[in-house]
file my_file.cif (mmCIF, C-alpha atoms)
data_final
#
loop_
_atom_site.label_atom_id
_atom_site.label_comp_id
_atom_site.auth_asym_id
_atom_site.auth_seq_id
_atom_site.Cartn_x
_atom_site.Cartn_y
_atom_site.Cartn_z
CA GLU V 689 -8.64 13.52 -13.22
CA ALA V 690 -5.73 12.79 -10.89
CA GLN V 691 -4.58 9.25 -11.44
CA VAL V 692 -1.84 6.66 -11.55
CA THR V 693 -1.98 4.57 -14.72
CA GLN V 694 -0.39 1.16 -15.08
CA ASN V 695 -0.02 -0.90 -18.22
CA PRO V 696 -0.67 -3.63 -18.97
CA ARG V 697 -3.38 -4.60 -16.51
CA TYR V 698 -2.90 -8.30 -17.19
CA LEU V 699 -0.01 -10.22 -18.70
CA ILE V 700 0.78 -13.89 -19.10
CA THR V 701 4.29 -14.61 -20.28
CA VAL V 702 7.05 -17.18 -20.06
CA THR V 703 10.16 -17.52 -17.95
CA GLY V 704 13.09 -15.46 -19.16
CA LYS V 705 11.25 -13.15 -21.53
CA LYS V 706 12.01 -9.57 -20.54
CA LEU V 707 9.02 -7.42 -19.74
CA THR V 708 8.28 -3.88 -18.63
CA VAL V 709 5.29 -2.63 -16.68
CA THR V 710 4.75 1.06 -17.20
CA CYS V 711 3.50 3.50 -14.57
CA SER V 712 2.56 7.11 -15.14
CA GLN V 713 1.11 9.75 -12.83
CA ASN V 714 -0.38 13.12 -13.75
CA MET V 715 -0.15 14.80 -10.32
CA ASN V 716 3.43 16.08 -10.57
CA HIS V 717 4.35 13.88 -7.60
CA GLU V 718 7.99 13.54 -6.66
CA TYR V 719 7.72 10.17 -4.91
CA MET V 720 6.80 6.97 -6.73
CA SER V 721 6.92 3.37 -5.64
CA TRP V 722 6.25 -0.21 -6.72
CA TYR V 723 4.64 -2.90 -4.58
CA ARG V 724 3.71 -6.49 -5.04
CA GLN V 725 0.77 -8.13 -3.34
CA ASP V 726 0.78 -11.84 -2.62
CA PRO V 727 -1.75 -13.95 -0.69
CA GLY V 728 -0.98 -13.94 3.01
CA LEU V 729 1.89 -11.48 2.60
CA GLY V 730 0.15 -8.16 2.05
CA LEU V 731 1.84 -5.35 0.15
CA ARG V 732 5.61 -5.39 -0.04
CA GLN V 733 7.67 -2.55 -1.43
CA ILE V 734 9.94 -3.40 -4.37
CA TYR V 735 11.58 -0.08 -5.28
CA TYR V 736 10.88 3.56 -4.71
CA SER V 737 12.01 6.85 -6.18
CA MET V 738 12.14 10.19 -4.43
CA ASN V 739 12.69 12.15 -7.62
CA VAL V 740 14.10 11.99 -11.14
CA GLU V 741 17.23 9.83 -11.27
CA VAL V 742 16.88 8.95 -7.56
CA THR V 743 15.82 5.37 -6.84
CA ASP V 744 16.31 2.99 -3.94
CA LYS V 745 15.51 -0.56 -2.96
CA GLY V 746 12.48 -1.53 -0.96
CA ASP V 747 12.06 -4.81 0.87
CA VAL V 748 11.92 -7.20 -2.10
CA PRO V 749 14.05 -5.75 -4.95
CA GLU V 750 15.63 -8.99 -6.21
CA GLY V 751 14.86 -9.68 -9.86
CA TYR V 752 13.54 -6.20 -10.60
CA LYS V 753 14.92 -2.98 -12.04
CA VAL V 754 13.45 0.50 -12.22
CA SER V 755 14.30 3.79 -13.80
CA ARG V 756 13.12 7.36 -13.28
CA LYS V 757 14.11 9.47 -16.24
CA GLU V 758 11.03 11.66 -16.12
CA LYS V 759 9.02 12.80 -13.13
CA ARG V 760 5.76 11.30 -14.32
CA ASN V 761 7.02 7.81 -15.30
CA PHE V 762 8.39 4.98 -13.21
CA PRO V 763 8.61 1.72 -15.17
CA LEU V 764 9.21 -1.65 -13.52
CA ILE V 765 11.49 -3.95 -15.49
CA LEU V 766 11.79 -7.70 -15.14
CA GLU V 767 14.91 -8.61 -17.11
CA SER V 768 14.48 -12.38 -16.77
CA PRO V 769 11.11 -13.13 -15.19
CA SER V 770 10.67 -16.28 -13.13
CA PRO V 771 7.53 -18.01 -11.84
CA ASN V 772 8.09 -16.66 -8.30
CA GLN V 773 7.45 -13.19 -9.73
CA THR V 774 3.88 -14.14 -10.53
CA SER V 775 1.98 -11.58 -8.50
CA LEU V 776 -0.26 -8.53 -8.44
CA TYR V 777 1.76 -5.34 -8.83
CA PHE V 778 0.84 -1.83 -7.79
CA CYS V 779 2.45 1.47 -8.62
CA ALA V 780 1.88 4.41 -6.29
CA SER V 781 2.83 8.05 -5.99
CA ARG V 782 2.67 10.83 -3.41
CA PRO V 783 3.64 14.51 -3.47
CA GLY V 784 7.08 14.27 -1.88
CA GLN V 785 9.10 13.46 1.18
CA GLY V 786 7.71 13.72 4.64
CA SER V 787 5.78 11.43 6.88
CA GLY V 788 2.10 10.83 6.66
CA GLN V 789 1.41 11.79 3.07
CA PRO V 790 -1.03 9.27 1.62
CA GLN V 791 -0.14 7.50 -1.59
CA HIS V 792 -2.26 7.26 -4.71
CA PHE V 793 -2.29 3.79 -6.20
CA GLY V 794 -2.85 2.50 -9.70
CA ASP V 795 -5.37 -0.26 -10.30
CA GLY V 796 -2.76 -2.98 -10.48
CA THR V 797 -1.07 -5.27 -12.98
CA ARG V 798 -1.56 -9.00 -12.67
CA LEU V 799 1.49 -10.85 -13.97
CA SER V 800 1.61 -14.58 -14.56
CA ILE V 801 5.02 -16.05 -15.37
CA LEU V 802 4.81 -19.60 -16.71
CA ASP L 195 10.74 -9.73 10.97
CA GLN L 196 7.32 -8.27 10.46
CA GLN L 197 7.23 -4.66 11.65
CA VAL L 198 3.49 -4.21 11.18
CA LYS L 199 1.10 -6.99 12.10
CA GLN L 200 -2.57 -7.41 11.39
CA ASN L 201 -3.32 -10.61 13.21
CA SER L 202 -6.88 -11.08 12.02
CA PRO L 203 -7.04 -12.13 8.36
CA SER L 204 -10.79 -11.64 8.31
CA LEU L 205 -13.65 -10.06 10.22
CA SER L 206 -17.39 -10.37 9.73
CA VAL L 207 -19.93 -7.94 11.24
CA GLN L 208 -23.59 -7.07 10.84
CA GLU L 209 -24.67 -3.91 9.10
CA GLY L 210 -25.11 -1.09 11.57
CA ARG L 211 -22.74 -2.54 14.15
CA ILE L 212 -19.19 -1.46 14.92
CA SER L 213 -16.21 -2.89 13.03
CA ILE L 214 -12.87 -2.85 14.84
CA LEU L 215 -9.72 -3.62 12.89
CA ASN L 216 -6.45 -3.96 14.75
CA CYS L 217 -2.80 -3.40 13.97
CA ASP L 218 0.33 -3.90 16.05
CA TYR L 219 3.77 -2.50 15.31
CA THR L 220 7.26 -3.05 16.62
CA ASN L 221 9.20 0.11 15.78
CA SER L 222 8.56 3.05 18.10
CA MET L 223 10.21 5.38 15.54
CA PHE L 224 7.27 5.27 13.17
CA ASP L 225 5.91 8.79 12.64
CA TYR L 226 2.59 8.19 10.99
CA PHE L 227 0.12 5.37 10.65
CA LEU L 228 -2.22 5.13 7.70
CA TRP L 229 -5.17 2.94 6.82
CA TYR L 230 -5.95 1.97 3.26
CA LYS L 231 -9.02 0.23 1.89
CA LYS L 232 -8.88 -2.09 -1.08
CA TYR L 233 -11.71 -3.42 -3.21
CA PRO L 234 -11.15 -6.35 -5.61
CA ALA L 235 -9.66 -5.37 -8.97
CA GLU L 236 -8.76 -1.89 -7.70
CA GLY L 237 -5.74 -0.32 -6.10
CA PRO L 238 -5.72 0.57 -2.40
CA THR L 239 -7.22 3.93 -1.50
CA PHE L 240 -6.26 6.07 1.46
CA LEU L 241 -8.79 6.11 4.28
CA ILE L 242 -7.45 7.84 7.38
CA SER L 243 -4.16 8.48 9.15
CA ILE L 244 -2.84 9.40 12.56
CA SER L 245 0.34 11.05 13.71
CA SER L 246 2.35 9.39 16.45
CA ILE L 247 1.87 12.48 18.61
CA LYS L 248 -1.88 11.96 18.73
CA ASP L 249 -4.01 9.22 20.20
CA LYS L 250 -7.17 9.65 18.15
CA ASN L 251 -8.25 10.88 14.76
CA GLU L 252 -11.81 10.92 13.50
CA ASP L 253 -13.29 11.33 10.03
CA GLY L 254 -16.99 10.70 9.75
CA ARG L 255 -17.73 7.06 10.49
CA PHE L 256 -14.04 6.23 10.75
CA THR L 257 -11.93 6.69 13.86
CA VAL L 258 -8.37 5.55 14.42
CA PHE L 259 -6.98 5.10 17.94
CA LEU L 260 -3.30 4.90 18.76
CA ASN L 261 -1.94 3.36 21.95
CA LYS L 262 1.79 4.07 21.88
CA SER L 263 2.62 2.25 25.08
CA ALA L 264 1.09 -0.92 23.66
CA LYS L 265 2.31 -0.20 20.11
CA HIS L 266 -1.19 -0.83 18.91
CA LEU L 267 -3.66 0.99 16.73
CA SER L 268 -7.21 0.25 15.79
CA LEU L 269 -9.67 1.44 13.16
CA HIS L 270 -13.30 1.76 14.23
CA ILE L 271 -16.08 1.95 11.67
CA VAL L 272 -19.45 3.01 13.07
CA PRO L 273 -21.98 2.21 11.79
CA SER L 274 -20.69 -0.43 9.41
CA GLN L 275 -22.23 -0.57 5.95
CA PRO L 276 -22.15 -3.29 3.29
CA GLY L 277 -20.10 -0.96 1.08
CA ASP L 278 -17.34 -1.07 3.71
CA SER L 279 -16.67 -4.70 2.78
CA ALA L 280 -13.07 -4.65 1.57
CA VAL L 281 -9.53 -5.51 2.61
CA TYR L 282 -8.06 -2.99 5.03
CA PHE L 283 -4.32 -2.42 5.26
CA CYS L 284 -2.50 -0.75 8.09
CA ALA L 285 0.67 1.05 6.97
CA THR L 286 3.40 3.06 8.61
CA ASP L 287 6.22 5.33 7.62
CA GLN L 288 9.21 6.49 9.52
CA GLY L 289 10.54 10.00 9.48
CA GLY L 290 13.73 10.18 7.46
CA SER L 291 13.08 6.89 5.70
CA GLU L 292 10.97 6.64 2.58
CA LYS L 293 10.42 2.92 2.95
CA LEU L 294 6.80 2.27 3.74
CA VAL L 295 5.66 -0.83 5.55
CA PHE L 296 2.24 -2.43 5.16
CA GLY L 297 0.50 -5.07 7.21
CA LYS L 298 -0.90 -8.18 5.58
CA GLY L 299 -4.44 -6.86 5.59
CA THR L 300 -7.77 -7.76 7.17
CA LYS L 301 -10.74 -8.68 5.01
CA LEU L 302 -13.88 -7.06 6.39
CA THR L 303 -17.28 -8.40 5.42
CA VAL L 304 -20.35 -6.42 6.45
CA ASN L 305 -23.49 -8.50 6.18
CA PRO L 306 -26.81 -6.81 5.36
#

call {"tool": "encode", "arguments": {"input": "my_file.cif", "output": "structure tokens"}}
result
Amino acid sequence: EAQVTQNPRYLITVTGKKLTVTCSQNMNHEYMSWYRQDPGLGLRQIYYSMNVEVTDKGDVPEGYKVSRKEKRNFPLILESPSPNQTSLYFCASRPGQGSGQPQHFGDGTRLSIL
Amino acid sequence: DQQVKQNSPSLSVQEGRISILNCDYTNSMFDYFLWYKKYPAEGPTFLISISSIKDKNEDGRFTVFLNKSAKHLSLHIVPSQPGDSAVYFCATDQGGSEKLVFGKGTKLTVNP
């Protein structure tokens, strides 16, 4: 089954404790991306990657890091989480570059930073 | 500056009637417009898209209309069903840029 898998699905942690949210896709997609969803703000892009070792900032990259060492994996790293990063996070992928290709989303990771 | 606007946070319609969800955009360089549907506790799923060179695209009960002069698009659902109750996001991408922009979403409730 084609899917994007995120882990963990839920996490409660404390300010300053480094955490990583993993994302893996089994569709051999070149493009992967991270979003956060906040009430009243919709989905905002954090980082995206067009291929292995190619990443770029989205609209809200501050406080986040990503890496793309393998095509299937695109982890989101919070080096020193803060309460304003409490949010619902989604990873997504699509086949490659080019307009109009729909993205496949994971089921989300709800992070609470205390 | 919000490039994609969904000005109605919520919409309620009766089963069997038409649902119309609206989206306005500011950048005339957008190539494609996509609609996603999101149920609680799930990720968004792709619904329908339209190229900027077209003014209508239809897929079953779902039709998207694009008015380029007004920089406005709308999603029509006919007939609406209770299972259509979800949050709908309008999204755009721009040729040559891989940054995707989403609207804030409209929560549709279809009452039986």

call {"tool": "closest_atom_pairs", "arguments": {"input": "my_file.cif", "of": "chain L", "to": "chain V", "cutoff": "7 Å", "atoms": "all atoms listed in the file", "output": "CSV"}}
result
residue,atom,partner,partner_atom,distance
L:Asp225,CA,V:Ser787,CA,6.3
L:Tyr226,CA,V:Gly788,CA,5.1
L:Ala235,CA,V:Asp795,CA,6.8
L:Glu236,CA,V:Asp795,CA,4.6
L:Gly237,CA,V:Asp795,CA,4.2
L:Pro238,CA,V:Phe793,CA,6.0
L:Thr239,CA,V:His792,CA,6.8
L:Phe240,CA,V:Pro790,CA,6.1
L:Asp287,CA,V:Ser787,CA,6.2
L:Gln288,CA,V:Ser787,CA,6.6
L:Gly289,CA,V:Ser787,CA,5.6
L:Lys293,CA,V:Gly746,CA,6.3
L:Phe296,CA,V:Leu731,CA,5.8
L:Gly297,CA,V:Gly730,CA,6.0
L:Lys298,CA,V:Gly730,CA,3.7
L:Gly299,CA,V:Gly730,CA,5.9

call {"tool": "residues_around", "arguments": {"input": "my_file.cif", "residues": "L:Thr286", "least_positions_apart": "6", "cutoff": "7 Å", "atoms": "all atoms listed in the file", "output": "ChimeraX atom specification"}}
result
/L:224,226-228,294-296

call {"tool": "atom_distance", "arguments": {"input": "my_file.cif", "atom1": "atom CA of L:Asn221", "atom2": "atom CA of L:Leu260"}}
result
13.7 Å

call {"tool": "resolve_selection", "arguments": {"input": "my_file.cif", "expression": "the PyMOL selection byres ((chain V and resi 704-715) around 8)", "output": "PyMOL selection string"}}
result
chain V and resi 690-696+701-703+716-717+760-770+779+781+783+797

call {"tool": "closest_residue", "arguments": {"input": "my_file.cif", "among": "L:Lys248, L:Arg255, L:Lys232, L:Lys199", "to": "L:Ser274", "atoms": "only C-alpha atoms"}}
result
L:Arg255

call {"tool": "resolve_selection", "arguments": {"input": "my_file.cif", "expression": "the PyMOL selection byres ((chain L and resi 280) around 7)", "output": "PyMOL selection string"}}
result
chain L and resi 231-233+278-279+281-282+301-303

call {"tool": "axis_aligned_box", "arguments": {"input": "my_file.cif", "around": "stretch 742-747 of chain V", "padding_each_side": "5 Å", "output": "JSON"}}
result
{"center_x": 14.5, "center_y": 2.1, "center_z": -3.3, "size_x": 14.8, "size_y": 23.8, "size_z": 18.4}

call {"tool": "atom_distance", "arguments": {"input": "my_file.cif", "atom1": "atom CA of V:Leu699", "atom2": "atom CA of V:Glu741"}}
result
27.5 Å

call {"tool": "resolve_selection", "arguments": {"input": "my_file.cif", "expression": "the PyMOL selection byres ((chain V and resi 757) around 7)", "output": "list in words"}}
result
Val740, Glu741, Ser755, Arg756, Glu758 and Lys759 of chain V

call {"tool": "atom_distance", "arguments": {"input": "my_file.cif", "atom1": "atom CA of L:Pro306", "atom2": "atom CA of L:Gln208"}}
result
6.4 Å

call {"tool": "residues_around", "arguments": {"input": "my_file.cif", "residues": "L:Gln275", "least_positions_apart": "4", "cutoff": "7 Å", "atoms": "only C-alpha atoms", "output": "VMD selection string"}}
result
chain L and resid 209 to 210 304

call {"tool": "write_last_selection", "arguments": {"input": "my_file.cif", "atoms": "C-alpha atoms", "output": "mmCIF file, in the coordinates of the input"}}
result
data_model
loop_
_atom_site.group_PDB
_atom_site.id
_atom_site.type_symbol
_atom_site.label_atom_id
_atom_site.label_comp_id
_atom_site.auth_asym_id
_atom_site.auth_seq_id
_atom_site.Cartn_x
_atom_site.Cartn_y
_atom_site.Cartn_z
ATOM 1 C CA GLU L 209 -24.670 -3.910 9.100
ATOM 2 C CA GLY L 210 -25.110 -1.090 11.570
ATOM 3 C CA VAL L 304 -20.350 -6.420 6.450
#

call {"tool": "build_atoms", "arguments": {"input": "my_file.cif", "residues": "stretch 742-753 of chain V", "atoms": "N, CA and C atoms", "output": "CSV table (one decimal), in the coordinates of the input"}}
result
chain,number,residue,atom,x,y,z
V,742,VAL,N,16.6,9.4,-8.9
V,742,VAL,CA,16.9,9.0,-7.6
V,742,VAL,C,16.0,7.8,-7.2
V,743,THR,N,16.6,6.6,-7.2
V,743,THR,CA,15.8,5.4,-6.8
V,743,THR,C,16.5,4.6,-5.7
V,744,ASP,N,15.7,3.8,-5.0
V,744,ASP,CA,16.3,3.0,-3.9
V,744,ASP,C,15.5,1.7,-3.7
V,745,LYS,N,16.1,0.7,-3.1
V,745,LYS,CA,15.5,-0.6,-3.0
V,745,LYS,C,14.5,-0.5,-1.8
V,746,GLY,N,13.4,-1.3,-2.0
V,746,GLY,CA,12.5,-1.5,-1.0
V,746,GLY,C,12.8,-2.8,-0.3
V,747,ASP,N,11.8,-3.6,0.1
V,747,ASP,CA,12.1,-4.8,0.9
V,747,ASP,C,12.3,-6.0,0.0
V,748,VAL,N,11.8,-6.0,-1.2
V,748,VAL,CA,11.9,-7.2,-2.1
V,748,VAL,C,12.4,-6.8,-3.5
V,749,PRO,N,13.6,-6.3,-3.7
V,749,PRO,CA,14.0,-5.8,-5.0
V,749,PRO,C,14.6,-6.8,-5.9
V,750,GLU,N,14.9,-8.0,-5.4
V,750,GLU,CA,15.6,-9.0,-6.2
V,750,GLU,C,14.8,-9.4,-7.5
V,751,GLY,N,15.5,-9.3,-8.6
V,751,GLY,CA,14.9,-9.7,-9.9
V,751,GLY,C,14.2,-8.5,-10.6
V,752,TYR,N,14.2,-7.3,-10.0
V,752,TYR,CA,13.5,-6.2,-10.6
V,752,TYR,C,14.5,-5.1,-10.8
V,753,LYS,N,14.2,-4.2,-11.8
V,753,LYS,CA,14.9,-3.0,-12.0
V,753,LYS,C,13.9,-1.9,-12.2
